[in-house]
Amino acid sequence: MTHKFPSAEWTAAYKDALNNNAAYREAGKGWTHGAVGMVVKADPTIGLATDQAMYLDVNAGECREAKWVSRAEAETAPFVIVGDYARWKDVITGKDDPIKAMMQGKLKLTKGHLPTIIRYVESSRQLVKSASDVATTFVI
Amino acid sequence: MSAVIELAPGASENGLAIMLADLLKQNLEDHPHKVRDFEKLNGSVAIVAEDALVALTLEFQRGKLVLHDGIYGIPLITVRASSDDVMNMSLMELTKRFALPDPRGPINRQVFESMKAGRIHSYGALLHIPFMLRLTRVMSVN
């Protein structure tokens with residue numbers, strides 16, 4: 001079954017994909033630095049009237065909760081990554097590497113301690129790569 | 001004296017420049033002893049993340065760092081590497097004594113392997129070893 005990105009259903013499927021990713025469990029086992037917010041910027045031309053976001057409560061290689069939330073709620077997480085729809089699509093489909101996308105300014109860490117993200121670079125990569133395991137329908 | 005780190009006009013759209021500016025600011029806050037090395041750095045380093053098609057120049061001015069988009073001026077050292085290797089350079093393990101790159105560190109071994117295999121090219125590093133060692137200490141999150 002495919003899920004539309006972004007949506008609450010997609011977020012729930014993403015939580016399962018994360019918890020089924022052995023590489024994420026291993027790479028993220030030392031991560032105890034708090035939740036991660038992922039924000040898709042509004043784009044009325046593709047039907048996203050407002051910013052959409054996910055709040056991922058990740059800890060020690062496990063996703064304890066994944067919620068589809070407002071940007072304001074996502075920004076309560078200690079780490080927040082922001083990008084537009086096309087960039088998230090490229091990362092989710094594996095066309096782009098998340099770290100490379102950050103270097104290119106396509107994804108931005110707008111909140112959080114960058115040295116911590118860099119120490120857990122493989123965990124961050126697996127966090128995003130798990131999304132490619134979700135059968136996804138994109139709006140563009 | 002506190003560290004001043006700023007983006008030159010045009011660098012605010014360069015993701016790598018933003019990342020390195022944030023990284024260095026937070027790293028110097030976390031490890032205040034690294035400020036001494038930061039204040040001694042004087043000269044420019046260009047970094048090219050080849051697969052990401054991103055380049056920037058770090059212009060150190062004894063206690064101040066300006067990050068420029070692309071290659072700016074004539075850098076003392078130029079490093080060309082993949083985005084993974086650029087990230088690894090921020091993770092290099094340092095010895096407890098003298099804070100030199102630890103040859104036993106797994107990340108350092110990956111970096112040295114990449115150098116040997118020609119995946120990291122560094123121009124000018126051997127001519128500026130004290131500068132390179134200080135830069136490694138300042139950049140490393142360890």
# chains A, B, ... in the order shown; residues from 1 in each chain; ligands from 1

$ interface_residues --of "chain B" --to "chain A" --cutoff "6 Å" --atoms "only C-alpha atoms" --output "PyMOL selection string"
chain B and resi 14-16+23+52+141

$ residues_around --residues "Asp57 of chain A" --least-positions-apart "5" --cutoff "9 Å" --atoms "only C-alpha atoms" --output "VMD selection string"
chain A and resid 34 to 37 62 to 67 77

$ write_last_selection --atoms "N, CA, C and O atoms" --output "mmCIF file, in the first residue's frame"
data_model
loop_
_atom_site.group_PDB
_atom_site.id
_atom_site.type_symbol
_atom_site.label_atom_id
_atom_site.label_comp_id
_atom_site.auth_asym_id
_atom_site.auth_seq_id
_atom_site.Cartn_x
_atom_site.Cartn_y
_atom_site.Cartn_z
ATOM 1 N N GLY A 34 17.782 13.623 21.661
ATOM 2 C CA GLY A 34 16.444 14.181 21.511
ATOM 3 C C GLY A 34 15.812 13.996 20.147
ATOM 4 O O GLY A 34 16.391 13.388 19.241
ATOM 5 N N ALA A 35 14.614 14.518 20.052
ATOM 6 C CA ALA A 35 13.780 14.332 18.866
ATOM 7 C C ALA A 35 14.289 15.162 17.686
ATOM 8 O O ALA A 35 15.075 16.100 17.853
ATOM 9 N N VAL A 36 13.813 14.767 16.506
ATOM 10 C CA VAL A 36 14.185 15.466 15.275
ATOM 11 C C VAL A 36 12.894 15.920 14.574
ATOM 12 O O VAL A 36 11.963 15.122 14.409
ATOM 13 N N GLY A 37 12.854 17.176 14.203
ATOM 14 C CA GLY A 37 11.729 17.693 13.421
ATOM 15 C C GLY A 37 12.146 17.805 11.965
ATOM 16 O O GLY A 37 13.257 18.250 11.668
ATOM 17 N N GLU A 62 15.993 3.718 18.160
ATOM 18 C CA GLU A 62 14.574 3.362 18.058
ATOM 19 C C GLU A 62 13.748 4.629 17.840
ATOM 20 O O GLU A 62 14.064 5.678 18.395
ATOM 21 N N CYS A 63 12.699 4.502 17.038
ATOM 22 C CA CYS A 63 11.758 5.615 16.897
ATOM 23 C C CYS A 63 10.587 5.323 17.833
ATOM 24 O O CYS A 63 9.795 4.412 17.594
ATOM 25 N N ARG A 64 10.517 6.093 18.916
ATOM 26 C CA ARG A 64 9.474 5.827 19.915
ATOM 27 C C ARG A 64 8.140 6.403 19.488
ATOM 28 O O ARG A 64 7.088 5.893 19.854
ATOM 29 N N GLU A 65 8.191 7.476 18.707
ATOM 30 C CA GLU A 65 6.952 8.094 18.247
ATOM 31 C C GLU A 65 7.236 8.913 16.993
ATOM 32 O O GLU A 65 8.296 9.549 16.896
ATOM 33 N N ALA A 66 6.311 8.874 16.063
ATOM 34 C CA ALA A 66 6.408 9.739 14.875
ATOM 35 C C ALA A 66 5.053 10.400 14.686
ATOM 36 O O ALA A 66 4.038 9.707 14.594
ATOM 37 N N LYS A 67 5.047 11.720 14.684
ATOM 38 C CA LYS A 67 3.774 12.448 14.590
ATOM 39 C C LYS A 67 3.808 13.404 13.403
ATOM 40 O O LYS A 67 4.847 14.014 13.123
ATOM 41 N N ALA A 77 11.324 20.339 18.780
ATOM 42 C CA ALA A 77 12.369 19.296 18.829
ATOM 43 C C ALA A 77 13.745 19.963 18.934
ATOM 44 O O ALA A 77 13.937 21.069 18.421
#

$ residues_around --residues "Ala8 of chain B" --least-positions-apart "6" --cutoff "8 Å" --atoms "only C-alpha atoms" --output "PDB file with all heavy atoms, in the first residue's frame"
ATOM      1  N   VAL B  66      36.445  34.411   8.027  1.00  0.00           N
ATOM      2  CA  VAL B  66      35.428  34.788   7.042  1.00  0.00           C
ATOM      3  C   VAL B  66      35.309  33.631   6.050  1.00  0.00           C
ATOM      4  O   VAL B  66      36.318  33.156   5.519  1.00  0.00           O
ATOM      5  CB  VAL B  66      35.803  36.094   6.303  1.00  0.00           C
ATOM      6  CG1 VAL B  66      34.693  36.481   5.326  1.00  0.00           C
ATOM      7  CG2 VAL B  66      36.069  37.217   7.291  1.00  0.00           C
ATOM      8  N   LEU B  67      34.074  33.161   5.850  1.00  0.00           N
ATOM      9  CA  LEU B  67      33.848  32.060   4.905  1.00  0.00           C
ATOM     10  C   LEU B  67      33.311  32.631   3.597  1.00  0.00           C
ATOM     11  O   LEU B  67      32.324  33.376   3.600  1.00  0.00           O
ATOM     12  CB  LEU B  67      32.846  31.045   5.484  1.00  0.00           C
ATOM     13  CG  LEU B  67      33.352  30.300   6.715  1.00  0.00           C
ATOM     14  CD1 LEU B  67      32.788  30.931   7.972  1.00  0.00           C
ATOM     15  CD2 LEU B  67      32.977  28.831   6.670  1.00  0.00           C
ATOM     16  N   HIS B  68      33.995  32.311   2.520  1.00  0.00           N
ATOM     17  CA  HIS B  68      33.625  32.821   1.194  1.00  0.00           C
ATOM     18  C   HIS B  68      33.062  31.694   0.341  1.00  0.00           C
ATOM     19  O   HIS B  68      33.528  30.559   0.411  1.00  0.00           O
ATOM     20  CB  HIS B  68      34.861  33.383   0.480  1.00  0.00           C
ATOM     21  CG  HIS B  68      35.535  34.502   1.199  1.00  0.00           C
ATOM     22  ND1 HIS B  68      35.230  35.833   0.977  1.00  0.00           N
ATOM     23  CD2 HIS B  68      36.508  34.494   2.143  1.00  0.00           C
ATOM     24  CE1 HIS B  68      35.998  36.593   1.751  1.00  0.00           C
ATOM     25  NE2 HIS B  68      36.784  35.807   2.459  1.00  0.00           N
ATOM     26  N   ASP B  69      32.105  32.024  -0.499  1.00  0.00           N
ATOM     27  CA  ASP B  69      31.603  31.074  -1.486  1.00  0.00           C
ATOM     28  C   ASP B  69      32.677  30.890  -2.568  1.00  0.00           C
ATOM     29  O   ASP B  69      33.273  31.860  -3.020  1.00  0.00           O
ATOM     30  CB  ASP B  69      30.322  31.646  -2.111  1.00  0.00           C
ATOM     31  CG  ASP B  69      29.703  30.706  -3.124  1.00  0.00           C
ATOM     32  OD1 ASP B  69      29.785  29.482  -2.923  1.00  0.00           O
ATOM     33  OD2 ASP B  69      29.136  31.196  -4.115  1.00  0.00           O
TER      34      ASP B  69
END

$ closest_residue --among "A:Trp31, A:Tyr55, A:Tyr14, A:Tyr24" --to "Ile92 of chain A" --atoms "only C-alpha atoms"
A:Tyr14

$ atom_distance --atom1 "atom CA of Thr32 of chain A" --atom2 "atom CA of Leu127 of chain A"
14.2 Å

$ residues_around --residues "Glu93 of chain B" --least-positions-apart "5" --cutoff "8 Å" --atoms "only C-alpha atoms" --output "JSON list (two decimals) with N, CA, C and O atoms, in the first residue's frame"
[["chain", "number", "residue", "atom", "x", "y", "z"],
["B", 101, "PRO", "N", 46.65, 14.33, 15.20],
["B", 101, "PRO", "CA", 45.80, 13.27, 14.63],
["B", 101, "PRO", "C", 46.29, 11.88, 15.10],
["B", 101, "PRO", "O", 47.48, 11.57, 14.98],
["B", 102, "ASP", "N", 45.37, 11.10, 15.66],
["B", 102, "ASP", "CA", 45.73, 9.80, 16.22],
["B", 102, "ASP", "C", 45.72, 8.75, 15.10],
["B", 102, "ASP", "O", 44.65, 8.46, 14.55],
["B", 105, "GLY", "N", 43.05, 6.02, 15.19],
["B", 105, "GLY", "CA", 41.62, 6.34, 15.12],
["B", 105, "GLY", "C", 41.00, 5.79, 13.84],
["B", 105, "GLY", "O", 41.57, 5.93, 12.76],
["B", 107, "ILE", "N", 38.45, 6.79, 12.06],
["B", 107, "ILE", "CA", 38.14, 7.82, 11.06],
["B", 107, "ILE", "C", 39.43, 8.30, 10.41],
["B", 107, "ILE", "O", 39.51, 8.47, 9.19],
["B", 108, "ASN", "N", 40.48, 8.49, 11.24],
["B", 108, "ASN", "CA", 41.76, 8.92, 10.67],
["B", 108, "ASN", "C", 42.28, 7.91, 9.65],
["B", 108, "ASN", "O", 42.81, 8.28, 8.61],
["B", 140, "SER", "N", 38.11, 19.61, 14.21],
["B", 140, "SER", "CA", 37.67, 18.32, 14.73],
["B", 140, "SER", "C", 36.68, 18.52, 15.89],
["B", 140, "SER", "O", 36.95, 19.30, 16.80],
["B", 142, "ASN", "N", 36.15, 16.31, 17.95],
["B", 142, "ASN", "CA", 36.62, 15.45, 19.05],
["B", 142, "ASN", "C", 37.59, 16.19, 19.96],
["B", 142, "ASN", "O", 38.11, 17.20, 19.63]]
